[in-house]
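Worksheet: one structure, shown below.
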Amino acid sequence: RLTAKEQLDPFALIKDEVSEVTDRLRSMVVAEVPELTSAAGYFFRAGAEGKRTCPTVLLLMASAVSMEMTDGLENKPRARHMHVAEITEMIHISSLIHDDVLDDADTRCGMDSLNFTVGKKLAVLAGDFLLFRAFSAAVSLDNTEVVSLLATAVNNLVTGELMQMSITPAQCCSMDYYLQKTYYKTAALISNSCKAIAVLTGQTTEVQALAYQYGRHLGIAYQLIDDILDFTGTSASLGKASLSDIHQGIVIAPILFAMEEFPELREIVEQGFDDSSNVEMALKYLSKSQGIERTRLLAAEHAKLAAGAIDGLPESQDQVILNSRQALKDLTQKRFGTRA
Ligand code: FPP
Ligand code: MG
Ligand code: MG
């Protein structure tokens, strides 16, 4: 039995199902070669599971858009929704593993990164293997639209990563470019997966679009908060070094807003941050500006749009459906920590 408070706690609401997803993920990543099994399972082993935000959102979405709730986890649509949660988590982890190779990162979520632990080569292959596992599970759902949504998400992840890698000084200063890249890198997977959930439920195109919009705005809000934390968080709370974006030369929303107030910052940004005096100057401008506050406001706007998408869903009297919707709305208000 859940207490009244737990009933609305998004994580408590579906805690058991999320751990079921976590268990199944472990068995899904078994490969022919033991080294590959342990590398691919690195972020799925006990104690290393992370917050499982994607499965949480997707399982809540599944309840939120269901037409009538049937009890019990045995029911078939629920099992299919849980598969989408597993697939999405595998794609997510695969993208982080590859990202850490590209970034030469030593840590991920407060742990050693996979490339640090087993080397680049095995890490790349483990990421590839997870992606293959995700898609073979997706094919088993026997729904081409769902497979195509997931393929779009992976394409967007790759495009976003490339947009960041190949950015020109002019694109560095563009908020539009930043938001497009952010959507691809951080929001496209959850938005397309939310839509896949609605598709599998047999929902109308209107409901599919609302599910998609929820994921899109939630993902963007999430990233904007992450951007703020990169400046305000401590490395202990982040599980990675703070100020990591600017040190990697990545221009994020607070700096872009600061640049609007102090156009002289533009020249510094265009020069890049290889020179540490440029980092210092940018931070000085940032602290004089409303950059952090305006980023917070933009995140709040996206959070509100995400909540609005939930409010747009067709009326329901079912308490489980209504609780799940409330939990999804509460998630938009939560201040997330770090990724994964
Ligand atoms: C984290 O970015 C990276 C991502 C959210 C996506 C990375 C995508 C790829 C590597 C493309 C390949 C995709 C697949 C599915 C294999 P970050 O480096 O800005 O942030 P972080 O390292 O601090 O989390
Ligand atoms: Mg990275
Ligand atoms: Mg990266």
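Within each chain, counting starts at residue 1; across the structure tokens, chains are named A, B, ... in the order shown, with ligands numbered 1 upward in that order.
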Write as a list in words the residues around ligand 3, taking 8 Å as the cut-off and counting only C-alpha atoms and all ligand atoms. Asp99, Asp100, Leu102, Asp103, Glu161 and Gln164 of chain A
Expected file: the selected residues, C-alpha atoms, as an mmCIF file, in the first residue's frame:
```
data_model
loop_
_atom_site.group_PDB
_atom_site.id
_atom_site.type_symbol
_atom_site.label_atom_id
_atom_site.label_comp_id
_atom_site.auth_asym_id
_atom_site.auth_seq_id
_atom_site.Cartn_x
_atom_site.Cartn_y
_atom_site.Cartn_z
ATOM 1 C CA ASP A 99 29.668 10.226 -25.866
ATOM 2 C CA ASP A 100 32.231 9.455 -23.182
ATOM 3 C CA LEU A 102 34.131 11.068 -27.979
ATOM 4 C CA ASP A 103 34.705 13.354 -24.978
ATOM 5 C CA GLU A 161 26.314 15.392 -31.262
ATOM 6 C CA GLN A 164 28.039 20.353 -31.267
#
```
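A distance search around ligand 1 (6 Å at most, only C-alpha atoms and all ligand atoms) returns the following protein and nucleic acid residues: Ile91, Ser94, Ser95, Leu96, His98, Asp99, Gly127, Val154, Leu157, Val158, Glu161, Lys185, Thr186 and Arg339 of chain A.
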Taking the DSSP assignment computed from this structure's backbone, write out as number ranges by chain all residues of region 105-157 of chain A that belong to strand (DSSP E or B). A: 107-108, 111-112
I'd like the contact shell of Ala188 (chain A) - 10 Å cut-off, only C-alpha atoms, skipping same-chain residues fewer than 2 positions apart - returned as a count of residues only. 26
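Computed from the coordinates, the CA of Tyr177 (chain A) to CA of Met163 (chain A) distance equals 8.6 Å.
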Residues within 9 Å of Glu17 (chain A), only C-alpha atoms, excluding chain neighbours under 5 positions, as a PyMOL selection string: chain A and resi 22+55-56+59+73+82
Please provide the set of residues having any atom within 8 Å of region 34-42 of chain A, restricted to only C-alpha atoms, with same-chain residues fewer than 2 positions apart removed, written as a PyMOL selection string. chain A and resi 26+29-32+44-45+48+114+118+122-123+125-127+129-130
Generate a file of the selected residues that holds C-alpha atoms, formatted as a short mmCIF file (atom, residue, chain, number, x, y, z; two decimals), in the first residue's frame.
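Output below, filename again-v5.cif:
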```cif
data_model
loop_
_atom_site.label_atom_id
_atom_site.label_comp_id
_atom_site.auth_asym_id
_atom_site.auth_seq_id
_atom_site.Cartn_x
_atom_site.Cartn_y
_atom_site.Cartn_z
CA ARG A 26 20.50 -6.99 -17.22
CA VAL A 29 22.53 -7.38 -22.60
CA VAL A 30 23.97 -10.86 -22.49
CA ALA A 31 26.29 -11.31 -25.49
CA GLU A 32 28.15 -14.26 -26.96
CA PHE A 44 23.02 -1.89 -15.57
CA ARG A 45 24.81 -3.73 -12.80
CA ALA A 48 25.09 1.44 -10.87
CA LEU A 114 33.23 2.68 -19.40
CA VAL A 118 37.69 -1.14 -20.29
CA LEU A 122 35.54 -2.23 -26.09
CA ALA A 123 33.42 0.78 -25.03
CA LEU A 125 31.61 -2.02 -29.31
CA ALA A 126 29.55 -2.18 -26.12
CA GLY A 127 27.64 0.92 -27.27
CA PHE A 129 25.90 -3.87 -29.08
CA LEU A 130 23.40 -2.02 -26.87
#
```
Neighbours of region 257-272 of chain A within 6 Å (only C-alpha atoms; same-chain residues fewer than 4 positions away dropped), as a list in words? Pro169, Leu286, Ser289 and Gly291 of chain A
Restrict the selected residues to N, CA and C atoms and save them as a short mmCIF file (atom, residue, chain, number, x, y, z; two decimals), in the first residue's frame.
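out-v6.cif written:
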```
data_model
loop_
_atom_site.label_atom_id
_atom_site.label_comp_id
_atom_site.auth_asym_id
_atom_site.auth_seq_id
_atom_site.Cartn_x
_atom_site.Cartn_y
_atom_site.Cartn_z
N PRO A 169 31.98 29.53 -35.05
CA PRO A 169 31.88 30.62 -34.08
C PRO A 169 30.52 31.34 -34.16
N LEU A 286 29.02 36.61 -16.89
CA LEU A 286 27.85 35.81 -16.49
C LEU A 286 27.36 36.23 -15.11
N SER A 289 25.41 39.30 -15.10
CA SER A 289 24.22 39.29 -15.96
C SER A 289 23.05 38.54 -15.31
N GLY A 291 21.92 35.97 -16.78
CA GLY A 291 21.99 34.73 -17.56
C GLY A 291 21.40 33.51 -16.88
#
```
Find the residue from A:Val139, A:Leu322, A:Ala105, A:Ala170 that sits nearest to ligand 2; use only C-alpha atoms and all ligand atoms when measuring. A:Ala105
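For the residues A:Ala137, A:Phe132, A:Ile93, A:Val65, ranking by smallest atom-to-atom distance to Thr205 (chain A) using only C-alpha atoms places A:Val65 first.
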Skip Ser316 (chain A) itself and residues of its chain fewer than 4 positions away, then list as a PyMOL selection string all residues within 10 Å of it, counting only C-alpha atoms. chain A and resi 64-68+320-322
Ranking A:Thr232, A:Ser242, A:Asn278, A:Gln223 by minimum distance to Leu298 (chain A) and counting only C-alpha atoms, which one comes first? A:Gln223
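Nearest to ligand 2 of all the residues A:Asn143, A:Gln248, A:Ser136, A:Thr117 is A:Gln248, counting only C-alpha atoms and all ligand atoms.
The smallest atom-to-atom distance between ligand 2 and any of A:Cys109, A:Ile292, A:Ile167, A:Leu60, using only C-alpha atoms and all ligand atoms, is found for A:Cys109.
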